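Raw upload16.cif, mmCIF, C-alpha atoms:
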data_entry
#
loop_
_atom_site.group_PDB
_atom_site.id
_atom_site.type_symbol
_atom_site.label_atom_id
_atom_site.label_comp_id
_atom_site.auth_asym_id
_atom_site.auth_seq_id
_atom_site.Cartn_x
_atom_site.Cartn_y
_atom_site.Cartn_z
ATOM 1 C CA MET A 1 86.140 137.220 94.670
ATOM 2 C CA THR A 2 85.936 134.051 92.607
ATOM 3 C CA GLY A 3 83.717 132.232 95.119
ATOM 4 C CA ARG A 4 85.973 129.225 95.464
ATOM 5 C CA PRO A 5 84.834 126.408 97.781
ATOM 6 C CA SER A 6 86.699 126.027 101.070
ATOM 7 C CA GLN A 7 90.240 124.645 101.102
ATOM 8 C CA ALA A 8 89.099 121.302 102.546
ATOM 9 C CA VAL A 9 86.446 120.885 99.853
ATOM 10 C CA GLN A 10 89.017 121.718 97.157
ATOM 11 C CA ILE A 11 91.456 119.140 98.545
ATOM 12 C CA VAL A 12 88.798 116.441 98.870
ATOM 13 C CA GLY A 13 87.561 117.219 95.362
ATOM 14 C CA SER A 14 91.014 117.070 93.790
ATOM 15 C CA MET A 15 91.800 113.820 95.653
ATOM 16 C CA LEU A 16 88.525 112.348 94.375
ATOM 17 C CA VAL A 17 89.594 113.312 90.851
ATOM 18 C CA ALA A 18 92.880 111.435 91.462
ATOM 19 C CA LEU A 19 90.886 108.381 92.640
ATOM 20 C CA ALA A 20 88.674 108.578 89.558
ATOM 21 C CA ILE A 21 91.778 108.742 87.336
ATOM 22 C CA VAL A 22 93.154 105.609 89.046
ATOM 23 C CA ALA A 23 89.821 103.780 88.621
ATOM 24 C CA VAL A 24 89.561 104.718 84.924
ATOM 25 C CA ALA A 25 93.190 103.680 84.276
ATOM 26 C CA ILE A 26 92.603 100.283 85.923
ATOM 27 C CA ALA A 27 89.317 99.752 84.046
ATOM 28 C CA VAL A 28 90.774 100.698 80.645
ATOM 29 C CA VAL A 29 93.888 98.546 81.012
ATOM 30 C CA THR A 30 92.135 95.469 82.427
ATOM 31 C CA ALA A 31 89.555 95.707 79.636
ATOM 32 C CA HIS A 32 92.472 95.191 77.212
ATOM 33 C CA PHE A 33 93.470 91.900 78.831
ATOM 34 C CA GLY A 34 90.232 90.012 78.266
ATOM 35 C CA PRO A 35 89.771 86.541 79.715
ATOM 36 C CA ALA A 36 93.380 85.492 78.987
ATOM 37 C CA SER A 37 94.858 86.144 82.424
ATOM 38 C CA SER A 38 96.675 83.119 83.793
ATOM 39 C CA ALA A 39 94.514 83.037 86.944
ATOM 40 C CA GLU A 40 91.418 82.679 84.814
ATOM 41 C CA LEU A 41 93.084 80.104 82.560
ATOM 42 C CA GLU A 42 94.173 78.129 85.639
ATOM 43 C CA ALA A 43 90.628 78.217 87.011
ATOM 44 C CA ARG A 44 89.327 77.005 83.652
ATOM 45 C CA GLU A 45 91.879 74.161 83.585
ATOM 46 C CA GLU A 46 90.936 73.227 87.146
ATOM 47 C CA ARG A 47 87.234 73.074 86.202
ATOM 48 C CA ILE A 48 88.057 70.813 83.229
ATOM 49 C CA GLU A 49 90.189 68.564 85.463
ATOM 50 C CA LEU A 50 87.413 68.295 88.053
ATOM 51 C CA ARG A 51 84.894 67.446 85.347
ATOM 52 C CA GLU A 52 87.214 64.743 83.941
ATOM 53 C CA GLU A 53 87.803 63.334 87.425
ATOM 54 C CA ALA A 54 84.064 63.154 88.052
ATOM 55 C CA ARG A 55 83.561 61.428 84.684
ATOM 56 C CA GLU A 56 86.353 58.971 85.514
ATOM 57 C CA GLY A 57 84.768 58.256 88.903
ATOM 58 C CA ARG A 58 81.375 57.557 87.330
ATOM 59 C CA ARG A 59 82.946 55.216 84.770
ATOM 60 C CA GLU A 60 84.808 53.292 87.438
ATOM 61 C CA ALA A 61 81.662 52.944 89.539
ATOM 62 C CA ARG A 62 79.758 51.696 86.493
ATOM 63 C CA GLU A 63 82.478 49.130 85.731
ATOM 64 C CA GLU A 64 82.475 47.956 89.350
ATOM 65 C CA ARG A 65 78.705 47.494 89.261
ATOM 66 C CA LEU A 66 78.948 45.506 86.019
ATOM 67 C CA GLU A 67 81.671 43.323 87.484
ATOM 68 C CA GLU A 68 79.638 42.705 90.640
ATOM 69 C CA ARG A 69 76.649 41.734 88.518
ATOM 70 C CA ARG A 70 78.788 39.351 86.467
ATOM 71 C CA GLU A 71 80.225 37.758 89.596
ATOM 72 C CA GLY A 72 76.870 37.561 91.302
ATOM 73 C CA MET B 1 114.337 73.724 107.704
ATOM 74 C CA ARG B 2 112.287 74.777 104.669
ATOM 75 C CA GLN B 3 112.819 72.782 101.528
ATOM 76 C CA ASN B 4 112.148 75.723 99.185
ATOM 77 C CA PRO B 5 112.914 79.122 100.698
ATOM 78 C CA LEU B 6 110.479 81.814 99.572
ATOM 79 C CA THR B 7 112.296 83.988 97.083
ATOM 80 C CA LEU B 8 111.173 87.487 96.139
ATOM 81 C CA GLU B 9 110.422 86.179 92.661
ATOM 82 C CA GLN B 10 108.187 83.490 94.120
ATOM 83 C CA LEU B 11 106.497 85.961 96.472
ATOM 84 C CA ILE B 12 105.704 88.287 93.548
ATOM 85 C CA GLU B 13 104.305 85.398 91.534
ATOM 86 C CA ASP B 14 102.180 84.266 94.484
ATOM 87 C CA LEU B 15 100.861 87.765 95.241
ATOM 88 C CA THR B 16 99.939 88.368 91.607
ATOM 89 C CA ARG B 17 98.610 84.806 91.244
ATOM 90 C CA GLY B 18 100.872 84.287 88.250
ATOM 91 C CA ASN B 19 99.781 87.495 86.492
ATOM 92 C CA VAL B 20 103.024 89.385 87.082
ATOM 93 C CA THR B 21 103.064 91.171 83.727
ATOM 94 C CA GLU B 22 99.387 92.108 83.887
ATOM 95 C CA VAL B 23 99.671 93.552 87.401
ATOM 96 C CA LYS B 24 102.818 95.428 86.427
ATOM 97 C CA VAL B 25 101.073 96.860 83.350
ATOM 98 C CA VAL B 26 98.091 98.016 85.434
ATOM 99 C CA LEU B 27 100.280 99.628 88.103
ATOM 100 C CA ALA B 28 102.524 101.311 85.506
ATOM 101 C CA SER B 29 99.445 102.665 83.725
ATOM 102 C CA VAL B 30 98.075 104.047 87.007
ATOM 103 C CA VAL B 31 101.440 105.751 87.596
ATOM 104 C CA LEU B 32 101.365 107.311 84.127
ATOM 105 C CA ALA B 33 97.789 108.535 84.552
ATOM 106 C CA LEU B 34 98.631 110.048 87.943
ATOM 107 C CA ALA B 35 101.783 111.620 86.488
ATOM 108 C CA ALA B 36 99.650 113.406 83.887
ATOM 109 C CA TYR B 37 97.377 114.675 86.686
ATOM 110 C CA GLN B 38 100.507 115.775 88.584
ATOM 111 C CA LEU B 39 101.516 117.959 85.626
ATOM 112 C CA LEU B 40 98.109 119.637 85.662
ATOM 113 C CA LEU B 41 98.309 120.183 89.432
ATOM 114 C CA ALA B 42 101.850 121.575 89.106
ATOM 115 C CA GLY B 43 100.551 123.943 86.448
ATOM 116 C CA VAL B 44 97.953 125.207 88.935
ATOM 117 C CA VAL B 45 100.601 125.530 91.688
ATOM 118 C CA TYR B 46 102.919 127.594 89.456
ATOM 119 C CA GLY B 47 100.060 129.696 88.095
ATOM 120 C CA ARG B 48 100.368 128.364 84.538
ATOM 121 C CA VAL B 49 96.897 126.870 84.703
ATOM 122 C CA ARG B 50 94.089 128.802 86.369
ATOM 123 C CA LEU B 51 91.106 126.833 87.564
ATOM 124 C CA PRO B 52 88.277 128.809 89.190
ATOM 125 C CA PHE B 53 87.531 125.978 91.633
ATOM 126 C CA LEU B 54 91.088 125.027 92.687
ATOM 127 C CA SER B 55 93.558 127.242 94.542
ATOM 128 C CA PRO B 56 97.342 126.765 94.198
ATOM 129 C CA GLU B 57 97.505 125.758 97.892
ATOM 130 C CA ALA B 58 94.949 122.970 97.518
ATOM 131 C CA ALA B 59 96.598 121.852 94.262
ATOM 132 C CA ALA B 60 99.970 121.725 96.054
ATOM 133 C CA TRP B 61 98.511 119.547 98.825
ATOM 134 C CA THR B 62 97.034 117.078 96.338
ATOM 135 C CA HIS B 63 100.230 117.206 94.250
ATOM 136 C CA ARG B 64 102.252 116.120 97.294
ATOM 137 C CA ALA B 65 99.767 113.388 98.312
ATOM 138 C CA THR B 66 99.527 111.984 94.781
ATOM 139 C CA GLY B 67 103.315 112.206 94.493
ATOM 140 C CA ARG B 68 103.711 109.980 97.548
ATOM 141 C CA VAL B 69 101.376 107.420 95.995
ATOM 142 C CA ILE B 70 103.429 107.548 92.781
ATOM 143 C CA VAL B 71 106.688 106.986 94.710
ATOM 144 C CA VAL B 72 105.221 103.881 96.382
ATOM 145 C CA LEU B 73 103.831 102.521 93.097
ATOM 146 C CA VAL B 74 107.110 103.164 91.249
ATOM 147 C CA ALA B 75 108.998 101.322 94.012
ATOM 148 C CA VAL B 76 106.600 98.364 93.768
ATOM 149 C CA VAL B 77 106.773 98.211 89.949
ATOM 150 C CA ALA B 78 110.586 98.567 89.972
ATOM 151 C CA THR B 79 110.912 95.770 92.547
ATOM 152 C CA MET B 80 108.639 93.515 90.489
ATOM 153 C CA CYS B 81 110.564 94.370 87.354
ATOM 154 C CA LEU B 82 114.035 93.801 88.781
ATOM 155 C CA ALA B 83 113.191 90.729 90.870
ATOM 156 C CA PHE B 84 111.126 88.983 88.227
ATOM 157 C CA TYR B 85 112.657 90.026 84.908
ATOM 158 C CA GLY B 86 116.086 91.375 85.851
ATOM 159 C CA PHE B 87 118.125 93.450 83.450
ATOM 160 C CA GLU B 88 118.128 90.984 80.573
ATOM 161 C CA GLU B 89 116.375 92.271 77.450
ATOM 162 C CA GLY B 90 115.877 95.546 79.303
ATOM 163 C CA GLY B 91 117.332 97.937 76.737
ATOM 164 C CA ILE B 92 115.801 101.423 76.735
ATOM 165 C CA HIS B 93 113.241 100.313 79.317
ATOM 166 C CA ALA B 94 115.891 99.331 81.879
ATOM 167 C CA VAL B 95 117.963 102.479 81.308
ATOM 168 C CA ALA B 96 114.929 104.804 81.462
ATOM 169 C CA GLY B 97 113.667 102.947 84.546
ATOM 170 C CA LEU B 98 116.954 103.473 86.360
ATOM 171 C CA VAL B 99 117.001 107.156 85.378
ATOM 172 C CA VAL B 100 113.419 107.471 86.709
ATOM 173 C CA LEU B 101 114.564 106.135 90.079
ATOM 174 C CA GLY B 102 117.496 108.555 90.070
ATOM 175 C CA VAL B 103 115.404 111.618 89.144
ATOM 176 C CA LEU B 104 112.756 110.600 91.679
ATOM 177 C CA ALA B 105 115.405 110.380 94.402
ATOM 178 C CA VAL B 106 116.810 113.803 93.450
ATOM 179 C CA LYS B 107 113.304 115.328 93.412
ATOM 180 C CA VAL B 108 112.472 113.940 96.865
ATOM 181 C CA LEU B 109 115.841 115.217 98.133
ATOM 182 C CA VAL B 110 115.235 118.712 96.703
ATOM 183 C CA VAL B 111 111.768 118.834 98.294
ATOM 184 C CA ARG B 112 113.090 117.597 101.656
ATOM 185 C CA LEU B 113 116.062 119.968 101.715
ATOM 186 C CA GLY B 114 113.889 122.933 100.790
ATOM 187 C CA ARG B 115 116.631 124.339 98.588
ATOM 188 C CA LEU B 116 117.036 124.460 94.812
ATOM 189 C CA GLY B 117 113.270 124.727 94.514
ATOM 190 C CA ARG B 118 113.714 126.277 91.079
ATOM 191 C CA LEU B 119 114.792 122.832 89.843
ATOM 192 C CA LEU B 120 111.458 121.231 90.765
ATOM 193 C CA PRO B 121 109.558 122.113 87.558
ATOM 194 C CA VAL B 122 112.404 120.758 85.396
ATOM 195 C CA LEU B 123 112.669 117.613 87.522
ATOM 196 C CA GLY B 124 108.895 117.124 87.457
ATOM 197 C CA VAL B 125 108.579 117.470 83.688
ATOM 198 C CA SER B 126 111.635 115.224 83.164
ATOM 199 C CA LEU B 127 110.115 112.620 85.477
ATOM 200 C CA ALA B 128 106.814 112.673 83.580
ATOM 201 C CA ALA B 129 108.666 112.319 80.252
ATOM 202 C CA LEU B 130 110.783 109.451 81.578
ATOM 203 C CA LEU B 131 107.739 107.677 83.028
ATOM 204 C CA THR B 132 106.108 107.960 79.595
ATOM 205 C CA ILE B 133 109.182 106.370 77.956
ATOM 206 C CA VAL B 134 109.254 103.580 80.565
ATOM 207 C CA TRP B 135 105.531 102.952 80.056
ATOM 208 C CA LEU B 136 105.759 102.975 76.250
ATOM 209 C CA THR B 137 108.653 100.470 76.281
ATOM 210 C CA SER B 138 106.830 97.995 78.530
ATOM 211 C CA ALA B 139 103.129 98.441 79.261
ATOM 212 C CA GLY B 140 102.487 100.339 76.015
ATOM 213 C CA ASP B 141 104.253 97.596 74.104
ATOM 214 C CA PHE B 142 102.223 94.935 75.920
ATOM 215 C CA LEU B 143 98.945 96.735 75.227
ATOM 216 C CA GLY B 144 99.912 97.357 71.614
ATOM 217 C CA VAL B 145 99.902 101.142 72.006
ATOM 218 C CA SER B 146 103.515 101.779 71.012
ATOM 219 C CA GLY B 147 105.156 100.704 67.762
#

Transcribe the structure of this file into structure tokens.
Amino acid sequence: MTGRPSQAVQIVGSMLVALAIVAVAIAVVTAHFGPASSAELEAREERIELREEAREGRREAREERLEERREG
Amino acid sequence: MRQNPLTLEQLIEDLTRGNVTEVKVVLASVVLALAAYQLLLAGVVYGRVRLPFLSPEAAAWTHRATGRVIVVLVAVVATMCLAFYGFEEGGIHAVAGLVVLGVLAVKVLVVRLGRLGRLLPVLGVSLAALLTIVWLTSAGDFLGVSG
């Protein structure tokens, strides 16, 4: 007798190995991509756009205040 | 009436959030990794590899379950490939990809029919070799592994 675990334990174990292989494959490949994925680049562009819009809004408000002061 | 009907190409781009190539590379790499595990499991099933903690019956069960996952992933990757990139610039990759689908179909048929079981090891090894070629000519190229 080799003292093998029960059939169910063997199946669960070998399926867990398959899951681990999938996880390692995903981790290794995504590590190669770095931060250059288009989703991340899009998010970065969106953040820059929002920042520029906020800056534009502040400038316009400042100009309006100056104009009001001049008129008043 | 919709102005822009949702095409498969558009659906793939939406689902992958524009990272079609990256998702395809990840899925293809998972398929290759599982294919390597399948070879080991097949070795246990046919008695070529003896592991003290894994019986041929349990290995066969996992081989079948993992095989089903591979079939689904291959179908997804092939759909993404054909719908998004088409056959242009396909070359070896396109030919090997089509042969993979053919061998996969034959293997499933042989398993379902329960005859010609002696062909299964040859089909399995051929499938693993073809998947490696397909991976090397796309994902491997993208990751800078091949050439």

Name the closest residue to Leu119 in chain B among the candidates B:Ala58, B:Val103, B:Val20, B:Val134; distances are taken between atoms, counting all atoms listed in the file.
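Closest to Leu119 in chain B, using all atoms listed in the file: B:Val103.
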
Counting all atoms listed in the file, collect the residues of chain A whose closest atom lies at most 10 Å from chain B, and write them out as a PyMOL selection string.
chain A and resi 2-19+21-30+32-33+37-40+42

Using the file's own x, y and z axes, what box holds all listed atoms of range 115-122 of chain B with 5 Å on each side, keeping edges along x, y and z, and what are its centre and edge lengths in Å to one decimal, as lines of an AutoDock Vina configuration file?
center_x = 113.3
center_y = 123.5
center_z = 92.0
size_x = 17.5
size_y = 15.5
size_z = 23.2

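When CA of Pro56 in chain B is paired with CA of Leu109 in chain B, their separation reads 22.2 Å.
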
Using the chain letters and numbers from the file, which residues does the PyMOL selection byres ((chain B and resi 129) around 12) grab, as a list in words?
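For this structure, the PyMOL selection byres ((chain B and resi 129) around 12) captures Leu32, Ala35, Ala36, Leu39, Ala96, Gly97, Val99, Val100, Val103, Val122, Leu123, Gly124, Val125, Ser126, Leu127, Ala128, Leu130, Leu131, Thr132, Ile133, Val134, Trp135 and Leu136 of chain B.
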
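Atom to atom, CA of Val111 in chain B and CA of Val44 in chain B stand 17.9 Å apart.
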
Could you tell me how far CA of Val110 in chain B sits from CA of Val49 in chain B, in Å to one decimal place?
23.4 Å
